[in-house]
Each structure stands twice: as C-alpha cells, then as structure tokens.
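One file, entry35.txt, carrying compact mmCIF, C-alpha atoms:
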# COMPACT_ATOMS: atom_id res chain seq x y z
CA MET A 167 -51.24 -3.89 -6.82
CA ALA A 168 -48.04 -3.37 -8.84
CA THR A 169 -44.47 -4.15 -7.87
CA THR A 170 -41.53 -2.09 -9.06
CA LYS A 171 -38.84 -4.15 -10.72
CA TYR A 172 -35.57 -3.29 -12.41
CA ILE A 173 -34.45 -5.14 -15.51
CA VAL A 174 -31.60 -4.83 -17.96
CA ASP A 175 -32.65 -3.63 -21.41
CA PRO A 176 -33.40 -6.95 -23.19
CA GLN A 177 -31.81 -5.78 -26.45
CA PHE A 178 -28.66 -4.73 -24.62
CA ILE A 179 -28.25 -7.97 -22.70
CA ALA A 180 -28.99 -10.03 -25.83
CA LYS A 181 -26.12 -8.21 -27.53
CA TYR A 182 -23.82 -8.24 -24.51
CA PRO A 183 -24.68 -11.27 -22.35
CA GLY A 184 -21.37 -10.92 -20.49
CA ALA A 185 -21.75 -7.21 -19.65
CA VAL A 186 -20.23 -6.17 -16.34
CA THR A 187 -20.03 -3.04 -14.23
CA LEU A 188 -18.82 -2.10 -10.75
CA ILE A 189 -20.76 -1.76 -7.51
CA ASP A 190 -18.64 -0.51 -4.60
CA GLY A 191 -15.49 -1.40 -6.54
CA ALA A 192 -16.52 -5.01 -7.18
CA PRO A 193 -17.73 -6.33 -10.53
CA VAL A 194 -21.27 -7.58 -11.08
CA ALA A 195 -22.74 -9.28 -14.15
CA LEU A 196 -25.71 -7.38 -15.55
CA SER A 197 -27.35 -10.58 -16.80
CA GLY A 198 -28.23 -11.39 -13.19
CA LYS A 199 -26.48 -14.75 -13.51
CA ASP A 200 -23.07 -15.57 -12.09
CA LEU A 201 -20.34 -15.24 -14.69
CA THR A 202 -17.43 -17.67 -14.49
CA VAL A 203 -14.21 -16.33 -15.93
CA GLU A 204 -11.36 -18.70 -16.72
CA THR A 205 -7.93 -17.10 -17.12
CA PRO A 206 -5.40 -19.42 -18.78
CA GLY A 207 -2.07 -19.86 -17.06
CA THR A 208 1.14 -18.26 -18.27
CA ARG A 209 4.79 -18.93 -17.48
CA GLU A 210 4.53 -16.50 -14.56
CA ASN A 211 0.96 -17.07 -13.37
CA ALA A 212 -1.11 -20.17 -12.66
CA PRO A 213 -4.49 -20.47 -14.36
CA LYS A 214 -7.31 -19.06 -12.31
CA THR A 215 -11.07 -19.04 -12.18
CA ARG A 216 -13.14 -16.25 -10.76
CA VAL A 217 -16.86 -15.87 -10.46
CA ILE A 218 -18.50 -12.50 -11.02
CA PRO A 219 -21.83 -12.53 -9.20
CA GLY A 220 -25.02 -11.64 -11.04
CA ALA A 221 -26.47 -8.25 -10.16
CA THR A 222 -29.27 -8.35 -7.57
CA GLN A 223 -32.48 -6.32 -7.75
CA GLU A 224 -31.02 -3.91 -5.18
CA GLN A 225 -27.89 -3.45 -7.30
CA LEU A 226 -29.93 -2.89 -10.45
CA ARG A 227 -31.98 -0.31 -8.53
CA TYR A 228 -28.78 1.45 -7.47
CA LEU A 229 -27.48 1.47 -11.04
CA ALA A 230 -30.75 2.85 -12.36
CA GLU A 231 -31.60 5.38 -9.66
CA THR A 232 -28.18 6.55 -8.49
CA GLU A 233 -25.86 6.06 -11.45
CA ARG A 234 -28.54 6.58 -14.11
CA ASN A 235 -27.12 3.63 -16.02
CA PRO A 236 -28.82 3.75 -19.45
CA HIS A 237 -29.06 -0.03 -19.73
CA ILE A 238 -31.39 -0.51 -16.75
CA ARG A 239 -35.18 -0.20 -17.04
CA LYS A 240 -37.66 0.35 -14.24
CA ILE A 241 -40.89 -1.55 -14.79
CA GLU A 242 -44.13 -1.94 -12.87
CA GLU A 243 -45.21 -5.57 -12.64
CA LYS A 244 -48.77 -6.54 -11.73
CA ASP A 245 -49.00 -9.07 -8.87
CA GLY A 246 -50.31 -12.38 -10.29
CA GLY A 247 -53.54 -10.91 -11.67
CA LYS A 248 -54.98 -10.18 -8.21
CA MET B 284 -19.33 24.08 -21.76
CA ALA B 285 -20.40 27.50 -20.50
CA CYS B 286 -17.92 30.31 -19.95
CA GLY B 287 -16.67 30.53 -16.37
CA LEU B 288 -13.51 31.50 -14.52
CA VAL B 289 -12.25 29.59 -11.51
CA GLY B 290 -9.30 30.98 -9.56
CA ILE B 291 -6.21 28.78 -9.15
CA ASN B 292 -3.38 29.34 -6.68
CA SER B 293 -0.27 27.23 -7.35
CA VAL B 294 2.21 29.03 -5.08
CA THR B 295 1.06 27.90 -1.65
CA ASP B 296 4.06 25.66 -0.93
CA CYS B 297 7.37 24.37 -2.29
CA VAL B 298 6.36 20.73 -2.76
CA PRO B 299 7.06 19.64 -6.33
CA ASN B 300 4.41 17.85 -8.38
CA TYR B 301 6.17 15.23 -10.45
CA GLY B 302 5.30 15.06 -14.12
CA GLY B 303 4.91 12.07 -16.40
CA ILE B 304 2.72 9.00 -16.32
CA VAL B 305 3.57 5.80 -14.47
CA LYS B 306 1.21 3.23 -15.97
CA SER B 307 -1.81 3.05 -18.24
CA PHE B 308 -4.83 0.88 -18.89
CA ALA B 309 -6.44 0.55 -22.31
CA ALA B 310 -9.66 -0.80 -23.80
CA LYS B 311 -11.42 -0.52 -27.13
CA LEU B 312 -14.03 2.23 -27.18
CA ALA B 313 -16.55 -0.23 -28.66
CA ASP B 314 -16.25 -2.39 -25.55
CA ILE B 315 -17.36 0.43 -23.22
CA THR B 316 -21.14 0.56 -23.32
CA SER B 317 -21.65 3.27 -20.69
CA VAL B 318 -19.67 5.72 -18.60
CA THR B 319 -20.97 6.90 -15.22
CA ILE B 320 -20.29 10.53 -14.39
CA ALA B 321 -20.46 11.76 -10.78
CA SER B 322 -19.60 15.42 -10.12
CA GLY B 323 -17.70 15.63 -13.40
CA VAL B 324 -15.58 12.57 -12.69
CA ILE B 325 -15.87 9.10 -14.25
CA SER B 326 -16.88 6.86 -11.36
CA ASN B 327 -17.77 3.69 -13.27
CA PHE B 328 -17.67 1.93 -16.62
CA THR B 329 -20.08 -0.65 -17.97
CA MET B 330 -18.20 -3.05 -20.20
CA ALA B 331 -19.47 -5.38 -22.93
CA SER B 332 -17.72 -8.23 -21.16
CA THR B 333 -15.12 -8.78 -18.49
CA GLY B 334 -11.33 -8.68 -18.86
CA LEU B 335 -11.29 -6.04 -21.58
CA TRP B 336 -8.98 -3.55 -19.86
CA GLU B 337 -5.30 -4.23 -20.49
CA GLU B 338 -2.55 -2.89 -18.26
CA TYR B 339 0.56 -1.23 -19.71
CA VAL B 340 3.59 -0.85 -17.49
CA TYR B 341 6.27 0.91 -19.49
CA ASP B 342 9.91 1.77 -18.96
CA ALA B 343 10.39 3.87 -15.83
CA ASP B 344 13.02 6.06 -17.45
CA GLY B 345 11.27 9.38 -17.34
CA THR B 346 10.09 9.32 -20.96
CA ALA B 347 6.40 8.39 -20.66
CA ASN B 348 4.06 11.34 -20.87
CA PHE B 349 0.58 12.47 -21.82
CA ASN B 350 0.23 16.00 -23.10
CA GLN B 351 -2.89 17.93 -24.08
CA THR B 352 -2.23 20.97 -26.22
CA GLY B 353 -5.08 23.38 -26.81
CA GLY B 354 -5.45 25.29 -30.07
CA ILE B 355 -7.89 27.79 -31.46
CA ASN B 356 -8.98 28.82 -34.94
CA ASN B 357 -11.08 31.97 -34.54
CA ASN B 358 -13.77 30.63 -32.16
CA ARG B 359 -13.14 26.94 -32.76
CA PHE B 360 -11.22 25.31 -29.91
CA SER B 361 -9.71 21.86 -30.13
CA VAL B 362 -7.18 19.94 -28.12
CA GLU B 363 -4.49 17.60 -29.42
CA GLN B 364 -4.00 14.71 -27.02
CA ALA B 365 -0.82 12.68 -27.27
CA ALA B 366 0.61 10.00 -25.01
CA PHE B 367 4.01 8.37 -25.36
CA MET B 368 5.20 5.18 -23.72
CA LYS B 369 7.99 2.73 -24.48
CA PHE B 370 8.77 -0.86 -23.64
CA LYS B 371 12.33 -2.15 -23.76
CA GLY B 372 13.23 -4.96 -26.14
CA ILE B 373 11.84 -6.37 -29.35
CA ASN B 374 10.38 -9.85 -29.55
CA ALA B 375 7.60 -11.73 -31.28
CA ALA B 376 5.06 -10.85 -28.59
CA TYR B 377 5.85 -7.12 -28.87
CA ILE B 378 5.60 -7.19 -32.66
CA SER B 379 2.28 -8.99 -32.44
CA ALA B 380 1.06 -6.43 -29.87
CA ALA B 381 2.13 -3.59 -32.17
CA ASN B 382 0.42 -5.08 -35.21
CA ASN B 383 -2.80 -5.63 -33.27
CA ALA B 384 -2.72 -2.18 -31.68
CA LYS B 385 -2.29 -0.31 -34.97
CA ASP B 386 -5.56 -1.79 -36.26
CA CYS B 387 -7.74 -0.42 -33.45
CA CYS B 388 -9.71 2.56 -34.74
CA ASP B 389 -10.78 4.00 -31.37
CA VAL B 390 -9.08 3.24 -28.09
CA VAL B 391 -9.53 4.55 -24.56
CA PHE B 392 -6.55 4.90 -22.23
CA ILE B 393 -6.54 5.61 -18.52
CA HIS B 394 -3.20 7.22 -17.71
CA VAL B 395 -2.06 7.14 -14.07
CA LEU B 396 -0.05 10.24 -13.20
CA ALA B 397 2.75 10.34 -10.65
CA ASN B 398 0.48 12.30 -8.31
CA GLY B 399 -2.24 9.63 -8.54
CA THR B 400 -4.61 11.53 -10.82
CA ARG B 401 -6.05 9.36 -13.60
CA LEU B 402 -6.81 10.91 -16.98
CA VAL B 403 -9.10 9.18 -19.48
CA GLN B 404 -7.92 9.68 -23.06
CA GLY B 405 -10.03 8.68 -26.05
CA ILE B 406 -13.56 9.83 -25.25
CA GLU B 407 -15.15 13.23 -25.48
CA ALA B 408 -15.90 14.79 -22.11
CA LEU B 409 -19.43 13.84 -21.01
CA ALA B 410 -21.65 16.02 -18.84
CA ALA B 411 -23.83 13.11 -17.73
CA THR B 412 -23.84 9.33 -17.62
CA GLY B 413 -24.22 7.69 -21.00
CA ALA B 414 -22.56 5.94 -23.91
CA PRO B 415 -19.15 7.43 -24.65
CA ASP B 416 -18.30 9.14 -27.92
CA ARG B 417 -14.96 8.94 -29.65
CA THR B 418 -12.75 12.02 -29.67
CA PHE B 419 -14.67 14.29 -32.01
CA ASN B 420 -12.04 15.76 -34.30
CA ARG B 421 -9.82 12.73 -34.78
CA SER B 422 -10.12 9.20 -33.44
CA THR B 423 -7.72 8.16 -30.73
CA ARG B 424 -5.40 5.51 -32.10
CA ILE B 425 -2.17 3.78 -31.23
CA ILE B 426 0.74 4.42 -33.58
CA PRO B 427 3.46 1.93 -32.67
CA ASN B 428 7.17 2.14 -33.52
CA VAL B 429 9.52 -0.85 -33.35
CA ASN B 430 13.09 0.49 -33.16
CA THR B 431 16.33 -1.44 -32.79
CA ASP B 432 18.26 1.82 -32.35
CA THR B 433 22.05 1.24 -32.00
CA THR B 434 24.25 -0.75 -29.59
CA GLN B 435 24.79 2.08 -27.13
CA ASN B 436 21.00 2.38 -26.74
CA GLU B 437 18.09 0.00 -26.15
CA ALA B 438 15.90 -1.71 -28.70
CA ARG B 439 12.31 -0.83 -27.94
CA LEU B 440 8.64 -0.83 -28.78
CA GLU B 441 7.03 2.61 -28.58
CA PHE B 442 3.36 3.52 -28.46
CA ASN B 443 2.22 6.97 -29.51
CA VAL B 444 -1.47 7.34 -28.63
CA THR B 445 -2.98 10.34 -30.34
CA GLY B 446 -6.37 11.93 -30.98
CA ASN B 447 -7.99 15.34 -31.20
CA ALA B 448 -10.96 16.31 -29.02
CA ASN B 449 -13.14 19.29 -28.26
CA SER B 450 -12.39 19.24 -24.52
CA PHE B 451 -9.64 18.20 -22.16
CA THR B 452 -9.93 14.69 -20.77
CA LEU B 453 -12.09 13.71 -17.84
CA THR B 454 -10.54 12.10 -14.77
CA THR B 455 -11.61 8.85 -13.17
CA SER B 456 -11.82 7.89 -9.53
CA LEU B 457 -11.43 4.17 -10.27
CA THR B 458 -8.46 2.43 -8.67
CA ASP B 459 -6.12 0.00 -10.44
CA SER B 460 -7.82 -3.00 -8.84
CA ALA B 461 -11.30 -1.75 -9.77
CA ILE B 462 -10.27 -1.25 -13.40
CA LEU B 463 -8.75 -4.72 -13.60
CA ALA B 464 -11.76 -6.26 -11.84
CA LEU B 465 -14.00 -5.15 -14.69
Represent the structure contained in this file as structure tokens.
Amino acid sequence: MATTKYIVDPQFIAKYPGAVTLIDGAPVALSGKDLTVETPGTRENAPKTRVIPGATQEQLRYLAETERNPHIRKIEEKDGGK
Amino acid sequence: MACGLVGINSVTDCVPNYGGIVKSFAAKLADITSVTIASGVISNFTMASTGLWEEYVYDADGTANFNQTGGINNNRFSVEQAAFMKFKGINAAYISAANNAKDCCDVVFIHVLANGTRLVQGIEALAATGAPDRTFNRSTRIIPNVNTDTTQNEARLEFNVTGNANSFTLTTSLTDSAILAL
C-alpha cells in the first residue's frame, strides 16, 4: 500500500531554506518548519517578531495540485514495508 | 500570444478613471522563485525568503506614472515600460537607497493604480505558473536622480524604472497586506 505525499524539491529548499508563499493571503514557510522573523525597531516602529507557520501537507497539496507550484513534488511512499 | 480581437466599450458612463500610480512595491527578480498565474492574473508569488518586497510611497503631487508604449518594426512588436516616482528631500538615507537601487540588474515593481488595478513591471508575461523571466528586450532597472533643484522648488530623489518587454504587463490580485506578508 502506498501513501501519497507532497514534498518541496530538496534542491530548491536547500538553496532557499527560508522560502515563503501565500495560502489564502497568509504566508507559509515551504520548509515545513515555523520561520521566526525578527524586525529591528526604528525611530517610528518598535521591534517586532512574527512567526510564519510551516506549510502543512494539505497546503503543499494545494500548492502542487491547484497552483501548480513548480517547487512541490508529489511522491508515493510505501507504508513501512508491509 | 495568438491573434484575437476583443471588443471594448469605454463610453457607457461619465465617471472619470483617474490616472497615475499611488504606491509601488519592489523586489529583486532573483528573489522571486515562482509566479502563480490564475486566469491570466498573478495570484501568488513564491519568494526566496520573507521580507523581500519593499514599499514605495512617493510624493502625492500628480507626477508618479507608469506608461507602456508599444512599438513595431515590421512584424516585431515590443513595449517600452517606464515608471516615474519622486520622493521629496535629499538625505543620507535617500542617497544610500539611490546607490543601492542603481546596482540592481533586474527588478520587479507592482504599481498600484488610482483605480486599484495592480500592474507588475519587470517580468515577461507568463501564460502559466512558473519561474519568471526578466523583460526580454532590456532588463528592468532603476535609474535614480538626486536633484537639489532651486529654492522655489523642492529637492528630491527620483526613480525612473525602465525596461523593454515583448508584452504588456500582467496584473496581480494580491492586496497590499498580502504583498507585505510575504
């Protein structure tokens, strides 16, 4: 039995570990890991920290199947050798 | 693009459509790894990292514009794309911004028009989702001017953003907040 999985092109994510895109107007990190962004303060604005969530399997599926994002791969994974 | 004619009717009412551009966003072409196209409109960007789009809010004095002028040489069509924006004053930060901007070989600007339409300057029109290409005939670059002018006028930094492409620019459906969230 095989399971369908979506992954980010390993070469792409090795080159761009901080790659981001939008899902429903909100950013997601393609690495699948949360991305913490520190913005230094200025005279007008206080410093701020924001966390861009890592893309979920469902979001990667959307990017691959609906948006045809060229950086996402669909793979078939065998279930634990059963 | 295949030949086709689509009728246009511009005389249905008396409501004016204001010209000019009101703000722009810019990124380096190299930082855009993919552009999503939906029904001929850019609906998403994939960026190499976050925080790579910069916002430009220029003087609201009716001078900012983005014009696309088509030209033809026998059967060869091209379009000159030129944006103009200016920022009042001259200071160290502006001079640094000008010096950095002049060194960018390919830039992408999203110009917000007064009617809300957003035009994407700096990439060739794409038919489908994929990596963007620079404007084919001449790269899109920023040519800054730093002018003191004279006492009856304002000192200013000006950006001329010019390139030459094979097609008119695509539009994007992304909002200001979506662009800045990237």
Which neighbours of Thr187 (chain A) fall inside 9 Å, counting all atoms listed in the file, when residues of the same chain fewer than 6 positions from it are skipped, and could you give them as a VMD selection string? (chain A and resid 193 to 196) or (chain B and resid 327 to 330 332 to 333 465)
Using all atoms listed in the file and a cut-off of 10 Å, which residues of chain B sit close to chain A? Please list them as a list of chain:residue names.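 For chain B, the answer reads B:Asp314, B:Ile315, B:Thr316, B:Ser317, B:Val318, B:Thr319, B:Ile320, B:Ala321, B:Ser326, B:Asn327, B:Phe328, B:Thr329, B:Met330, B:Ala331, B:Ser332, B:Thr333, B:Gly334, B:Ala411, B:Thr412, B:Gly413, B:Ala414, B:Leu457, B:Thr458, B:Ser460, B:Ala461, B:Ile462, B:Leu463, B:Ala464, B:Leu465.
Taking CA of Asn443 (chain B) as the reference point, CA of Phe367 (chain B) is found at 4.7 Å.
Nearest residue to Arg417 (chain B) among B:Asn447, B:Thr454, B:Thr352, B:Thr431 is B:Asn447, counting all atoms listed in the file.
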Between CA of Ala384 (chain B) and CA of Arg424 (chain B), what is the distance, to one decimal in Å? 8.2 Å
Could you pull the residues within 7 Å of Met167 (chain A), counting all atoms listed in the file, minus those fewer than 2 positions along the same chain, as JSON, numbers by chain? {"A": [169, 244, 245]}
Show me as a PyMOL selection string the residues that reach within 8 Å of (-3.6, 16.7, -23.3), counting all atoms listed in the file and using the file's own coordinates. chain B and resi 349-353+362-365+451-452
Just to confirm, what's the straight-line distance from CA of Ala438 (chain B) to CA of Gln404 (chain B) in Å (one decimal)? 27.0 Å
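Of the listed residues (A:Asp175, A:Asn211, A:Ala168, A:Gly220), A:Gly220 comes nearest to Gly198 (chain A); the distances count all atoms listed in the file.
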Could you check which residues have any atom within 8 Å of (-10.6, 13.2, -37.5), counting all atoms listed in the file with coordinates taken straight from the file, and then list them as an NGL selection string? :B and (419-422 or 446-447)
